[in-house]
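Asks: Please find query13.tsv (TSV, C-alpha atoms and all ligand atoms) on the next line:
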chain	number	residue	atom	x	y	z
A	319	MET	CA	91.29	92.22	83.06
A	320	TRP	CA	88.07	91.04	84.59
A	321	MET	CA	88.72	87.45	85.39
A	322	SER	CA	92.05	87.71	87.06
A	323	THR	CA	92.30	91.04	88.79
A	324	PHE	CA	88.75	91.14	89.99
A	325	ALA	CA	88.71	87.62	91.34
A	326	ARG	CA	92.01	88.00	93.11
A	327	PHE	CA	90.99	91.30	94.58
A	328	ALA	CA	87.61	89.98	95.60
A	329	THR	CA	88.89	86.90	97.33
A	330	ARG	CA	91.55	88.84	99.18
A	331	ALA	CA	88.85	91.17	100.36
A	332	LEU	CA	86.62	88.27	101.26
A	333	SER	CA	89.36	86.79	103.35
A	334	ARG	CA	89.13	89.97	105.36
A	335	ALA	CA	85.59	88.86	106.15
A	336	MET	CA	83.75	91.23	103.90
A	337	ALA	CA	80.27	89.87	103.27
A	338	CYS	CA	78.27	90.68	100.19
A	339	GLN	CA	75.34	92.84	101.15
A	340	ALA	CA	74.64	94.34	97.78
A	341	LEU	CA	71.68	92.18	96.94
A	342	ARG	CA	69.90	92.37	100.26
A	343	PRO	CA	67.12	94.75	99.19
A	344	HIS	CA	66.24	92.71	96.16
A	345	CYS	CA	64.82	89.55	97.58
A	346	ARG	CA	62.28	87.20	96.34
A	347	PRO	CA	60.59	84.94	98.82
A	348	GLY	CA	62.89	82.15	99.79
A	349	LYS	CA	65.39	80.84	102.23
A	350	ASN	CA	67.99	82.97	103.85
A	351	PRO	CA	70.60	80.79	105.44
A	352	GLY	CA	72.50	82.78	107.97
A	353	HIS	CA	74.46	85.82	107.02
A	354	LEU	CA	74.29	85.41	103.28
A	355	PRO	CA	72.31	87.89	101.20
A	356	SER	CA	68.73	86.81	101.40
A	357	CYS	CA	67.95	87.09	97.70
A	358	LEU	CA	70.50	84.64	96.38
A	359	THR	CA	69.59	81.22	95.09
A	360	SER	CA	71.33	78.10	96.24
A	361	VAL	CA	73.56	78.32	93.20
A	362	GLN	CA	74.88	81.61	94.37
A	363	HIS	CA	75.03	80.60	97.98
A	364	ARG	CA	77.31	77.77	97.05
A	365	GLY	CA	79.55	80.16	95.19
A	366	LEU	CA	79.93	82.62	98.01
A	367	GLN	CA	80.52	79.90	100.54
A	368	SER	CA	83.13	78.25	98.43
A	369	VAL	CA	85.00	81.50	98.05
A	370	VAL	CA	85.03	82.10	101.75
A	371	LEU	CA	85.90	78.51	102.52
A	372	ALA	CA	88.71	78.54	100.02
A	373	SER	CA	90.25	81.45	101.83
A	374	GLN	CA	89.75	79.83	105.19
A	375	HIS	CA	91.28	76.57	104.03
A	376	ALA	CA	94.42	78.42	103.21
A	377	SER	CA	95.14	79.47	106.76
A	378	HIS	CA	96.97	77.63	109.54
A	379	GLN	CA	97.76	74.47	107.65
A	380	VAL	CA	99.98	72.15	109.64
A	381	VAL	CA	102.00	69.41	107.98
A	382	SER	CA	102.31	66.28	110.08
A	383	HIS	CA	104.45	64.20	107.72
A	384	VAL	CA	105.90	64.11	104.19
A	385	ARG	CA	107.33	61.27	102.18
A	386	SER	CA	108.41	60.71	98.62
A	387	LEU	CA	106.72	58.01	96.55
A	388	ASP	CA	109.65	57.49	94.20
A	389	GLU	CA	108.01	55.00	91.90
A	390	GLU	CA	105.01	57.23	91.29
A	391	ARG	CA	107.26	60.32	91.43
A	392	LEU	CA	104.89	61.96	93.89
A	393	LEU	CA	105.36	63.81	97.15
A	394	GLU	CA	102.80	62.81	99.76
A	395	VAL	CA	101.90	65.41	102.37
A	396	GLU	CA	99.90	64.40	105.42
A	397	TRP	CA	98.05	67.21	107.10
A	398	GLU	CA	97.43	67.45	110.80
A	399	ASP	CA	93.69	67.59	110.12
A	400	GLY	CA	93.89	64.03	108.77
A	401	GLY	CA	93.82	64.71	105.04
A	402	GLN	CA	96.62	64.11	102.61
A	403	SER	CA	97.70	65.60	99.31
A	404	LEU	CA	99.85	64.32	96.46
A	405	TYR	CA	102.14	66.54	94.40
A	406	PRO	CA	104.04	65.42	91.27
A	407	PHE	CA	107.81	65.93	91.51
A	408	THR	CA	107.83	67.68	88.14
A	409	TRP	CA	105.23	70.21	89.26
A	410	LEU	CA	107.08	70.88	92.50
A	411	ARG	CA	110.36	71.46	90.72
A	412	ASP	CA	108.65	73.64	88.12
A	413	ASN	CA	107.13	75.76	90.86
A	414	CYS	CA	110.07	76.17	93.19
A	415	GLN	CA	109.51	79.46	94.98
A	416	CYS	CA	113.15	80.28	95.65
A	417	PRO	CA	114.62	83.57	94.36
A	418	LEU	CA	116.50	81.74	91.62
A	419	CYS	CA	113.39	80.12	90.21
A	420	THR	CA	110.78	82.79	90.91
A	421	LEU	CA	111.04	86.54	90.43
A	422	GLN	CA	109.77	87.55	93.84
A	423	SER	CA	108.64	91.07	92.91
A	424	ALA	CA	106.40	89.78	90.14
A	425	GLN	CA	105.65	86.33	91.51
A	426	ALA	CA	106.60	85.15	88.04
A	427	ARG	CA	108.42	81.99	87.05
A	428	GLU	CA	112.05	82.53	86.08
A	429	LEU	CA	112.88	78.88	85.65
A	430	LEU	CA	112.94	78.15	81.95
A	431	MET	CA	111.43	75.07	80.42
A	432	CYS	CA	114.76	74.24	78.87
A	433	ASP	CA	116.18	73.99	82.40
A	434	LEU	CA	113.35	71.90	83.80
A	435	ASP	CA	113.90	68.16	84.05
A	436	ILE	CA	110.39	66.78	83.69
A	437	HIS	CA	111.64	63.35	84.80
A	438	THR	CA	113.31	64.54	87.96
A	439	GLY	CA	113.45	62.49	91.10
A	440	VAL	CA	114.12	63.86	94.58
A	441	ASP	CA	117.03	63.46	96.92
A	442	THR	CA	115.43	64.14	100.30
A	443	VAL	CA	112.14	65.54	101.60
A	444	LYS	CA	111.35	66.71	105.11
A	445	VAL	CA	109.19	69.00	107.26
A	446	THR	CA	111.26	71.91	108.53
A	447	ASN	CA	111.18	73.19	112.10
A	448	ASP	CA	108.97	76.06	111.01
A	449	ASN	CA	106.45	73.65	109.43
A	450	LYS	CA	107.44	74.04	105.81
A	451	VAL	CA	108.00	71.33	103.23
A	452	SER	CA	111.57	71.09	102.04
A	453	VAL	CA	112.61	69.20	98.93
A	454	VAL	CA	116.24	68.68	97.97
A	455	TRP	CA	116.60	67.80	94.30
A	456	PRO	CA	119.27	65.51	92.85
A	457	ASP	CA	121.43	68.52	91.86
A	458	GLN	CA	121.15	69.71	95.51
A	459	HIS	CA	118.95	72.66	94.62
A	460	THR	CA	116.51	73.11	97.52
A	461	SER	CA	112.87	74.12	97.35
A	462	VAL	CA	110.91	75.15	100.41
A	463	PHE	CA	107.15	75.25	100.21
A	464	ASP	CA	104.79	77.06	102.49
A	465	PRO	CA	102.02	74.70	103.71
A	466	GLU	CA	99.19	77.15	102.93
A	467	TRP	CA	100.55	77.62	99.43
A	468	LEU	CA	100.72	73.87	98.95
A	469	LYS	CA	97.31	73.12	100.37
A	470	LYS	CA	95.61	75.57	98.07
A	471	ARG	CA	97.25	73.87	95.10
A	472	CYS	CA	96.28	70.35	96.07
A	473	PHE	CA	95.46	68.24	93.03
A	474	SER	CA	92.31	66.63	94.43
A	475	SER	CA	89.15	67.28	92.50
A	476	ALA	CA	87.54	69.09	95.44
A	477	ALA	CA	90.56	71.33	96.01
A	478	ARG	CA	90.83	72.21	92.33
A	479	GLN	CA	87.13	73.00	92.23
A	480	SER	CA	87.52	75.21	95.29
A	481	MET	CA	90.50	77.02	93.80
A	482	ARG	CA	88.70	77.48	90.49
A	483	GLU	CA	85.84	79.12	92.31
A	484	GLU	CA	88.17	81.30	94.34
A	485	LEU	CA	89.96	82.52	91.24
A	486	PHE	CA	87.08	82.89	88.85
A	487	LEU	CA	83.86	83.05	90.90
A	488	ASN	CA	82.06	80.89	88.38
A	489	ASP	CA	78.85	80.18	90.22
A	490	ARG	CA	76.00	82.20	88.82
A	491	TYR	CA	72.65	83.51	89.86
A	492	TYR	CA	70.17	82.82	87.07
A	493	TRP	CA	67.25	85.14	86.78
A	494	GLY	CA	64.10	85.91	84.87
A	495	SER	CA	61.65	88.80	84.68
A	496	ASN	CA	61.15	88.99	88.44
A	497	LEU	CA	64.74	90.03	89.09
A	498	ASN	CA	65.01	93.07	91.27
A	499	ILE	CA	68.19	94.52	89.86
A	500	PRO	CA	70.86	94.92	92.56
A	501	THR	CA	71.21	98.61	93.25
A	502	ILE	CA	74.06	100.39	95.00
A	503	ASP	CA	74.85	104.04	95.56
A	504	PHE	CA	77.28	105.42	92.99
A	505	HIS	CA	79.23	107.54	95.46
A	506	LYS	CA	79.56	104.68	97.92
A	507	VAL	CA	81.10	102.54	95.21
A	508	LEU	CA	83.58	105.33	94.47
A	509	HIS	CA	84.59	105.93	98.08
A	510	ASP	CA	83.87	102.80	100.13
A	511	ASP	CA	85.87	99.62	99.47
A	512	LYS	CA	83.18	97.35	100.82
A	513	ALA	CA	80.53	98.93	98.59
A	514	MET	CA	82.89	98.51	95.67
A	515	LEU	CA	83.34	94.84	96.47
A	516	ASP	CA	79.58	94.38	96.82
A	517	TRP	CA	79.16	95.97	93.43
A	518	LEU	CA	81.77	93.75	91.78
A	519	LEU	CA	80.49	90.56	93.35
A	520	ALA	CA	76.92	91.31	92.33
A	521	LEU	CA	78.08	92.18	88.84
A	522	ARG	CA	79.94	88.92	88.60
A	523	ARG	CA	77.15	86.76	90.01
A	524	VAL	CA	74.06	88.43	88.57
A	525	GLY	CA	75.54	90.12	85.52
A	526	VAL	CA	73.83	93.45	86.03
A	527	VAL	CA	73.94	96.11	88.75
A	528	CYS	CA	72.39	99.57	88.82
A	529	LEU	CA	74.25	102.42	90.46
A	530	LYS	CA	72.07	105.28	91.58
A	531	GLY	CA	72.89	108.87	92.43
A	532	ALA	CA	75.60	109.62	89.90
A	533	PRO	CA	75.73	113.20	88.61
A	534	ALA	CA	73.77	113.44	85.37
A	535	GLU	CA	76.75	114.76	83.47
A	536	LEU	CA	79.48	113.37	81.28
A	537	GLY	CA	82.59	111.84	82.82
A	538	GLN	CA	81.02	109.61	85.45
A	539	VAL	CA	81.70	106.33	83.70
A	540	ALA	CA	85.37	107.27	83.54
A	541	ARG	CA	85.39	107.77	87.31
A	542	LEU	CA	83.75	104.40	87.74
A	543	SER	CA	86.12	102.49	85.50
A	544	GLU	CA	89.17	104.19	86.99
A	545	ARG	CA	88.00	102.97	90.37
A	546	ILE	CA	88.65	99.37	89.33
A	547	GLY	CA	90.78	99.39	86.19
A	548	TYR	CA	90.77	101.22	82.93
A	549	HIS	CA	88.61	101.86	79.92
A	550	ARG	CA	88.88	99.60	76.99
A	551	LEU	CA	89.11	101.66	73.86
A	552	THR	CA	86.90	100.55	71.00
A	553	PHE	CA	86.34	101.90	67.55
A	554	TYR	CA	83.59	104.04	69.09
A	555	GLY	CA	86.17	105.74	71.27
A	556	HIS	CA	86.58	105.72	75.05
A	557	THR	CA	82.90	106.51	75.54
A	558	TRP	CA	80.10	107.06	73.17
A	559	GLN	CA	76.66	108.61	73.07
A	560	VAL	CA	73.59	106.56	72.21
A	561	GLN	CA	71.45	108.95	70.27
A	562	ASP	CA	69.82	109.24	66.89
A	563	LYS	CA	72.24	110.19	64.14
A	564	ASP	CA	72.00	110.69	60.42
A	565	MET	CA	73.89	108.03	58.47
A	566	ALA	CA	74.00	105.92	61.64
A	567	ASN	CA	76.87	103.43	61.80
A	568	ASN	CA	74.99	101.39	64.40
A	569	LEU	CA	71.34	100.51	64.85
A	570	ALA	CA	71.67	101.91	68.37
A	571	TYR	CA	71.93	105.35	66.76
A	572	THR	CA	68.49	105.08	65.22
A	573	SER	CA	64.95	104.97	66.60
A	574	LYS	CA	64.38	101.53	65.14
A	575	LYS	CA	63.49	98.62	67.34
A	576	LEU	CA	66.48	96.73	68.69
A	577	SER	CA	66.11	93.16	69.81
A	578	VAL	CA	68.12	92.10	72.83
A	579	HIS	CA	71.70	91.33	71.98
A	580	THR	CA	75.12	90.93	73.46
A	581	ASP	CA	77.38	93.76	72.46
A	582	TYR	CA	80.14	93.31	70.00
A	583	PRO	CA	80.19	89.76	68.76
A	584	ALA	CA	81.88	91.29	65.71
A	585	LEU	CA	84.94	91.59	67.93
A	586	MET	CA	86.85	88.41	68.67
A	587	PHE	CA	87.28	89.66	72.24
A	588	PRO	CA	84.43	91.97	73.25
A	589	PRO	CA	84.81	94.15	76.34
A	590	GLY	CA	83.66	92.32	79.45
A	591	VAL	CA	81.54	95.02	81.07
A	592	GLN	CA	79.69	98.03	79.78
A	593	PHE	CA	78.39	101.01	81.70
A	594	VAL	CA	75.26	102.75	80.47
A	595	HIS	CA	74.93	106.12	82.14
A	596	CYS	CA	71.64	107.96	81.67
A	597	LEU	CA	72.10	111.70	81.25
A	598	CYS	CA	68.49	112.53	80.56
A	599	ALA	CA	65.41	110.38	80.30
A	600	ALA	CA	63.50	110.15	77.06
A	601	MET	CA	60.16	111.93	76.95
A	602	GLU	CA	58.54	108.64	76.10
A	603	GLY	CA	59.86	105.12	75.89
A	604	GLY	CA	63.45	104.74	76.99
A	605	GLU	CA	62.95	101.42	78.68
A	606	SER	CA	65.84	99.03	78.85
A	607	GLN	CA	65.39	95.33	78.34
A	608	LEU	CA	67.63	92.73	79.92
A	609	VAL	CA	67.77	88.98	79.46
A	610	ASP	CA	70.02	86.55	81.33
A	611	GLY	CA	71.64	84.60	78.50
A	612	PHE	CA	72.83	81.84	80.81
A	613	HIS	CA	69.31	81.37	82.13
A	614	VAL	CA	67.87	81.14	78.62
A	615	THR	CA	70.51	78.70	77.44
A	616	GLN	CA	69.64	76.47	80.39
A	617	GLN	CA	66.04	76.48	79.21
A	618	LEU	CA	67.14	75.83	75.65
A	619	GLN	CA	69.28	72.87	76.67
A	620	ARG	CA	66.40	71.42	78.65
A	621	GLU	CA	63.58	72.07	76.19
A	622	ASP	CA	65.32	71.73	72.83
A	623	PRO	CA	68.69	69.97	73.11
A	624	GLU	CA	68.93	69.77	69.34
A	625	ALA	CA	68.81	73.55	69.02
A	626	PHE	CA	71.27	73.91	71.88
A	627	GLN	CA	73.63	71.49	70.18
A	628	ALA	CA	73.37	73.43	66.92
A	629	LEU	CA	74.12	76.78	68.51
A	630	THR	CA	77.04	75.45	70.53
A	631	SER	CA	78.63	73.74	67.52
A	632	LEU	CA	77.90	75.84	64.41
A	633	VAL	CA	80.32	78.71	63.90
A	634	ILE	CA	78.70	81.90	62.64
A	635	ASN	CA	80.19	85.02	61.08
A	636	PHE	CA	79.61	88.51	62.48
A	637	THR	CA	80.63	91.72	60.80
A	638	ASP	CA	80.55	95.45	61.51
A	639	THR	CA	81.64	98.28	59.26
A	640	GLY	CA	81.71	102.03	59.62
A	641	SER	CA	83.60	105.10	60.66
A	642	ASP	CA	83.63	106.59	64.12
A	643	TYR	CA	86.66	106.97	66.39
A	644	CYS	CA	88.40	105.25	63.51
A	645	ASP	CA	87.38	103.51	60.34
A	646	PHE	CA	86.51	99.95	61.09
A	647	HIS	CA	85.68	96.77	59.26
A	648	LEU	CA	85.36	93.86	61.62
A	649	ASN	CA	84.90	90.19	60.98
A	650	SER	CA	84.66	87.47	63.58
A	651	ARG	CA	83.49	83.91	63.92
A	652	HIS	CA	81.78	82.56	67.01
A	653	ASN	CA	79.45	79.91	68.29
A	654	ILE	CA	76.30	81.74	69.29
A	655	ILE	CA	76.53	79.81	72.54
A	656	SER	CA	80.11	79.20	73.69
A	657	THR	CA	80.89	76.43	76.14
A	658	ASP	CA	83.99	75.54	78.10
A	659	ASN	CA	85.74	72.20	78.08
A	660	GLU	CA	83.25	70.89	80.64
A	661	GLY	CA	80.28	71.86	78.49
A	662	GLN	CA	79.29	74.81	80.67
A	663	VAL	CA	78.04	77.86	78.81
A	664	ASN	CA	80.54	80.67	79.32
A	665	ARG	CA	79.54	83.24	76.72
A	666	ILE	CA	76.72	84.26	74.45
A	667	ASN	CA	77.50	85.85	71.10
A	668	TRP	CA	74.32	87.23	69.65
A	669	ASN	CA	73.53	90.37	67.75
A	670	ASN	CA	71.07	89.98	64.95
A	671	ALA	CA	72.11	93.31	63.42
A	672	THR	CA	75.74	92.32	62.95
A	673	ARG	CA	75.16	88.66	62.10
A	674	ASP	CA	76.84	88.43	58.71
A	675	SER	CA	75.04	87.57	55.47
A	676	VAL	CA	78.06	85.36	54.88
A	677	LEU	CA	76.81	82.12	56.38
A	678	ASP	CA	79.77	79.80	56.29
A	679	LEU	CA	77.86	76.54	56.68
A	680	PRO	CA	77.24	73.55	54.44
A	681	LEU	CA	73.83	73.72	52.78
A	682	HIS	CA	72.31	70.99	54.89
A	683	GLN	CA	73.06	72.91	58.10
A	684	VAL	CA	71.43	76.17	57.06
A	685	GLN	CA	67.82	75.35	57.90
A	686	PRO	CA	68.73	73.62	61.21
A	687	PHE	CA	70.70	76.76	62.08
A	688	TYR	CA	67.71	79.03	61.43
A	689	ARG	CA	65.42	76.74	63.36
A	690	ALA	CA	67.76	76.78	66.34
A	691	VAL	CA	68.18	80.56	66.26
A	692	LYS	CA	64.43	81.06	66.04
A	693	VAL	CA	63.84	78.81	69.05
A	694	PHE	CA	66.58	80.63	70.99
A	695	THR	CA	65.39	84.14	70.21
A	696	ASP	CA	61.75	83.24	70.85
A	697	MET	CA	62.87	81.99	74.22
A	698	MET	CA	64.73	85.25	74.91
A	699	ASP	CA	61.55	87.16	74.13
A	700	ARG	CA	59.37	85.19	76.53
A	701	PRO	CA	57.94	87.71	79.00
A	702	GLU	CA	59.10	85.61	81.94
A	703	ASN	CA	62.69	86.02	80.74
A	704	VAL	CA	62.74	89.77	80.13
A	705	VAL	CA	63.43	92.41	82.75
A	706	LEU	CA	62.07	95.77	81.68
A	707	TYR	CA	63.15	98.88	83.50
A	708	ARG	CA	63.49	102.57	82.94
A	709	MET	CA	66.65	104.45	83.75
A	710	GLU	CA	66.50	107.80	85.45
A	711	PRO	CA	69.02	110.62	84.97
A	712	GLY	CA	72.13	109.86	87.01
A	713	GLN	CA	71.51	106.13	87.00
A	714	CYS	CA	74.23	103.88	85.66
A	715	SER	CA	73.57	100.32	84.54
A	716	CYS	CA	76.62	98.05	84.72
A	717	ILE	CA	76.21	95.04	82.47
A	718	ARG	CA	78.37	92.01	81.79
A	719	THR	CA	78.45	91.91	78.04
A	720	LEU	CA	79.45	88.29	77.65
A	721	HIS	CA	76.13	86.82	78.69
A	722	ILE	CA	73.60	89.55	79.39
A	723	LEU	CA	71.44	90.41	76.41
A	724	TYR	CA	70.44	94.02	76.40
A	725	ALA	CA	68.51	96.56	74.38
A	726	ILE	CA	67.29	100.10	74.87
A	727	ILE	CA	63.91	100.62	73.30
A	728	LYS	CA	64.35	104.35	72.80
A	729	LYS	CA	67.41	106.00	74.11
A	730	GLU	CA	69.07	109.08	75.33
A	731	SER	CA	72.08	108.01	77.27
A	732	CYS	CA	75.80	107.66	77.25
A	733	LYS	CA	77.45	104.35	76.92
A	734	THR	CA	80.99	103.35	77.61
A	735	TRP	CA	83.19	100.31	77.88
A	736	ILE	CA	85.86	98.89	80.07
A	801	ZN	ZN	114.52	77.16	93.10
Would you write the structure of this file as structure tokens?
Replies:
Amino acid sequence: MWMSTFARFATRALSRAMACQALRPHCRPGKNPGHLPSCLTSVQHRGLQSVVLASQHASHQVVSHVRSLDEERLLEVEWEDGGQSLYPFTWLRDNCQCPLCTLQSAQARELLMCDLDIHTGVDTVKVTNDNKVSVVWPDQHTSVFDPEWLKKRCFSSAARQSMREELFLNDRYYWGSNLNIPTIDFHKVLHDDKAMLDWLLALRRVGVVCLKGAPAELGQVARLSERIGYHRLTFYGHTWQVQDKDMANNLAYTSKKLSVHTDYPALMFPPGVQFVHCLCAAMEGGESQLVDGFHVTQQLQREDPEAFQALTSLVINFTDTGSDYCDFHLNSRHNIISTDNEGQVNRINWNNATRDSVLDLPLHQVQPFYRAVKVFTDMMDRPENVVLYRMEPGQCSCIRTLHILYAIIKKESCKTWI
């Protein structure tokens, strides 16, 4: 849910010139270029700019000339601004936008692979009077492409990077103990679209946002999740209470010390965001700890590449067993640090409590694994990496579970998932 619907919503909203203000009160000393929120690092500035630019690029594109490069089987489009783009014939035919090839109401491809000639040539290409790109295929089927649509899908490295950012908002703000957690009013998020967008953008970029002013009663997290999507049901139910229980089926239900962790590595696909809504503050303790997993993995890669390599390559078992909303017995296998095909860290899977005693590694990799984990967890625990804060009744912490490590030291709160 998160990646697609949020990003598409956010970029549409950005194209309506909404600017992220959510982080403004949380600045550290630094530069503040123009209208951008003054607390963001250059990493985040780049991200926001690229999103806005991507939307701007898509408007008012004018095609000056098209021609087919038959030998290369490419369509060349020259833009009035001087640039040019190349589009493979096969891709163009595959993505014909006509009502026969695309279900308009769903914007879904109807053309079947069995009907796609991946070696197709073209008959004629031209720019239409209304500045669209027309391609007539050898069977006389005609495709007409909107120039904005085409430009956004240009195959150049820069255009693909821009589109990737627009769709997935990948740039991150990395933080340590001096983070001032972005804070937004709960009711504004519920009733004001711009506040909601600010909230979502901050959540995406920073990984954690506090909402203040929610009623200190059950049901608020449901209102919040319904504002943007729907709850994800887990074996703990739609929502669950973090409180001490006899025969606890989770360490979170005891008073024992919890080290920071990502939630639910025992699931193959953990929920992307969790809401922690404080109903009443503990008499003593009750602090929450947060660690930016991406920030720590950057440090790990820099300071101990061997440990980083071990944790990105060794696959570790996680398990969780109990009875709650339903009986459950979960097993999963993950790298503790997951990377994408470009080597960028995209997820942390770490929960010491549910790390399985089944260690499915060859003997010679066991000690290197423990060494790497020890280095990683020691790094998480460095004071400069830990944000410590105390929730007040009515406060709701929104946390991205795929890279923010979190723990409540002593707890009386309600927790839920989307
Ligand atoms: Zn078609």
Asks: Let me make sure I understand: among A:His383, A:Lys512, A:His505, A:Arg411, which one has the smallest atom-to-atom distance to ligand ZN 801 (chain A) if we use all atoms listed in the file?
Replies: A:Arg411
Asks: Given all atoms listed in the file as the basis, pick out the residue of A:Leu632, A:Glu396, A:Leu608, A:Trp668 nearest to Pro680 in chain A.
Replies: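 Ranking A:Leu632, A:Glu396, A:Leu608, A:Trp668 by distance to Pro680 in chain A, first place goes to A:Leu632.
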Asks: For a quick check of understanding, using all atoms listed in the file, which of A:Asp435, A:Asp674, A:Asp412, A:Asp448 has the smallest distance to Arg651 in chain A?
Replies: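 Between A:Asp435, A:Asp674, A:Asp412, A:Asp448, the residue approaching Arg651 in chain A most closely is A:Asp674.
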Asks: Please give me, as a PyMOL selection string, the residues lying within 8 Å of ligand ZN 801 (chain A) when counting only C-alpha atoms and all ligand atoms.
Replies: chain A and resi 411+413-420+429+459-461
Asks: Keeping only C-alpha atoms, take the residues you just selected and write them out as a short mmCIF file (atom, residue, chain, number, x, y, z; two decimals), keeping the file's coordinate frame.
Replies:
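Saved file selection_17.cif follows:
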data_model
loop_
_atom_site.label_atom_id
_atom_site.label_comp_id
_atom_site.auth_asym_id
_atom_site.auth_seq_id
_atom_site.Cartn_x
_atom_site.Cartn_y
_atom_site.Cartn_z
CA ARG A 411 110.36 71.46 90.72
CA ASN A 413 107.13 75.76 90.86
CA CYS A 414 110.07 76.17 93.19
CA GLN A 415 109.51 79.46 94.98
CA CYS A 416 113.15 80.28 95.65
CA PRO A 417 114.62 83.57 94.36
CA LEU A 418 116.50 81.74 91.62
CA CYS A 419 113.39 80.12 90.21
CA THR A 420 110.78 82.79 90.91
CA LEU A 429 112.88 78.88 85.65
CA HIS A 459 118.95 72.66 94.62
CA THR A 460 116.51 73.11 97.52
CA SER A 461 112.87 74.12 97.35
#
Asks: Which is closest to Val591 in chain A among A:Leu723, A:Ile717, A:Ala426, A:Leu485, if we use all atoms listed in the file?
Replies: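 Among A:Leu723, A:Ile717, A:Ala426, A:Leu485, it is A:Ile717 that comes nearest to Val591 in chain A.
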Asks: List the neighbours of range 529-543 of chain A out to 6 Å using only C-alpha atoms; skip same-chain residues closer than 6 positions along the sequence, and give me the result as a list in words.
Replies: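 The filter keeps Thr501, Ile502, Asp503, Phe504, Leu597, Pro711, Gly712, Gln713 and Cys714 of chain A.
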Asks: Give the answer as one residue: which of A:Gln559, A:Gln685, A:Thr719, A:Val704 has the shortest atom-to-atom distance to Arg522 in chain A, using only C-alpha atoms?
Replies: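 Selected residue with least distance to Arg522 in chain A: A:Thr719.
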Asks: Excluding Leu387 in chain A and any residue of its chain fewer than 3 positions from it, enumerate the residues within 10 Å of it, using only C-alpha atoms, and give them as a list in words.
Replies: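 Everything that qualifies: Val384, Glu390, Arg391, Leu392, Leu393, Glu394, Leu404, Tyr405, Pro406, Phe407, Gly439 and Val440 of chain A.
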Asks: May I have the protein, DNA and RNA residues with an atom at most 10 Å from (80.2, 100.9, 79.9), counting all atoms listed in the file in the file's coordinates, returned as a ChimeraX atom specification?
Replies: /A:539-540,542-543,549-550,556-558,589-595,714-719,732-736
Asks: Pick from A:Phe646, A:Asp511, A:Lys469, A:Tyr582: nearest to Met481 in chain A, with all atoms listed in the file counted?
Replies: A:Lys469
Asks: In Å, rounded to a single decimal, give me how far CA of Trp493 in chain A is from CA of Met709 in chain A.
Replies: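 CA of Trp493 in chain A lies at a distance of 19.6 Å from CA of Met709 in chain A.
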Asks: What does the distance between CA of Glu621 in chain A and CA of Ser650 in chain A come to in Å, to one decimal place?
Replies: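 Distance between the two atoms: 29.0 Å.
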Asks: What lies within 10 Å of Leu434 in chain A using all atoms listed in the file, ignoring chain neighbours under 2 positions off, as a PDB file with C-alpha atoms, in the frame of the given file?
Replies:
ATOM      1  CA  THR A 408     107.830  67.680  88.140  1.00  0.00           C
ATOM      2  CA  TRP A 409     105.230  70.210  89.260  1.00  0.00           C
ATOM      3  CA  ARG A 411     110.360  71.460  90.720  1.00  0.00           C
ATOM      4  CA  ASP A 412     108.650  73.640  88.120  1.00  0.00           C
ATOM      5  CA  LEU A 429     112.880  78.880  85.650  1.00  0.00           C
ATOM      6  CA  LEU A 430     112.940  78.150  81.950  1.00  0.00           C
ATOM      7  CA  MET A 431     111.430  75.070  80.420  1.00  0.00           C
ATOM      8  CA  CYS A 432     114.760  74.240  78.870  1.00  0.00           C
ATOM      9  CA  ILE A 436     110.390  66.780  83.690  1.00  0.00           C
ATOM     10  CA  HIS A 437     111.640  63.350  84.800  1.00  0.00           C
ATOM     11  CA  THR A 438     113.310  64.540  87.960  1.00  0.00           C
TER      12      THR A 438
END
Asks: Can you measure CA of Leu508 in chain A to CA of Tyr643 in chain A for me? One decimal in Å is fine.
Replies: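 Those two atoms sit 28.3 Å apart.
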Asks: So which residues touch range 691-698 of chain A within 7 Å, counting only C-alpha atoms, skipping near sequence neighbours fewer than 5 positions away, as a CSV table (one decimal) with C-alpha atoms, in the frame of the given file?
Replies:
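The new file out-v6.csv reads:
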chain,number,residue,atom,x,y,z
A,609,VAL,CA,67.8,89.0,79.5
A,614,VAL,CA,67.9,81.1,78.6
A,618,LEU,CA,67.1,75.8,75.6
A,703,ASN,CA,62.7,86.0,80.7
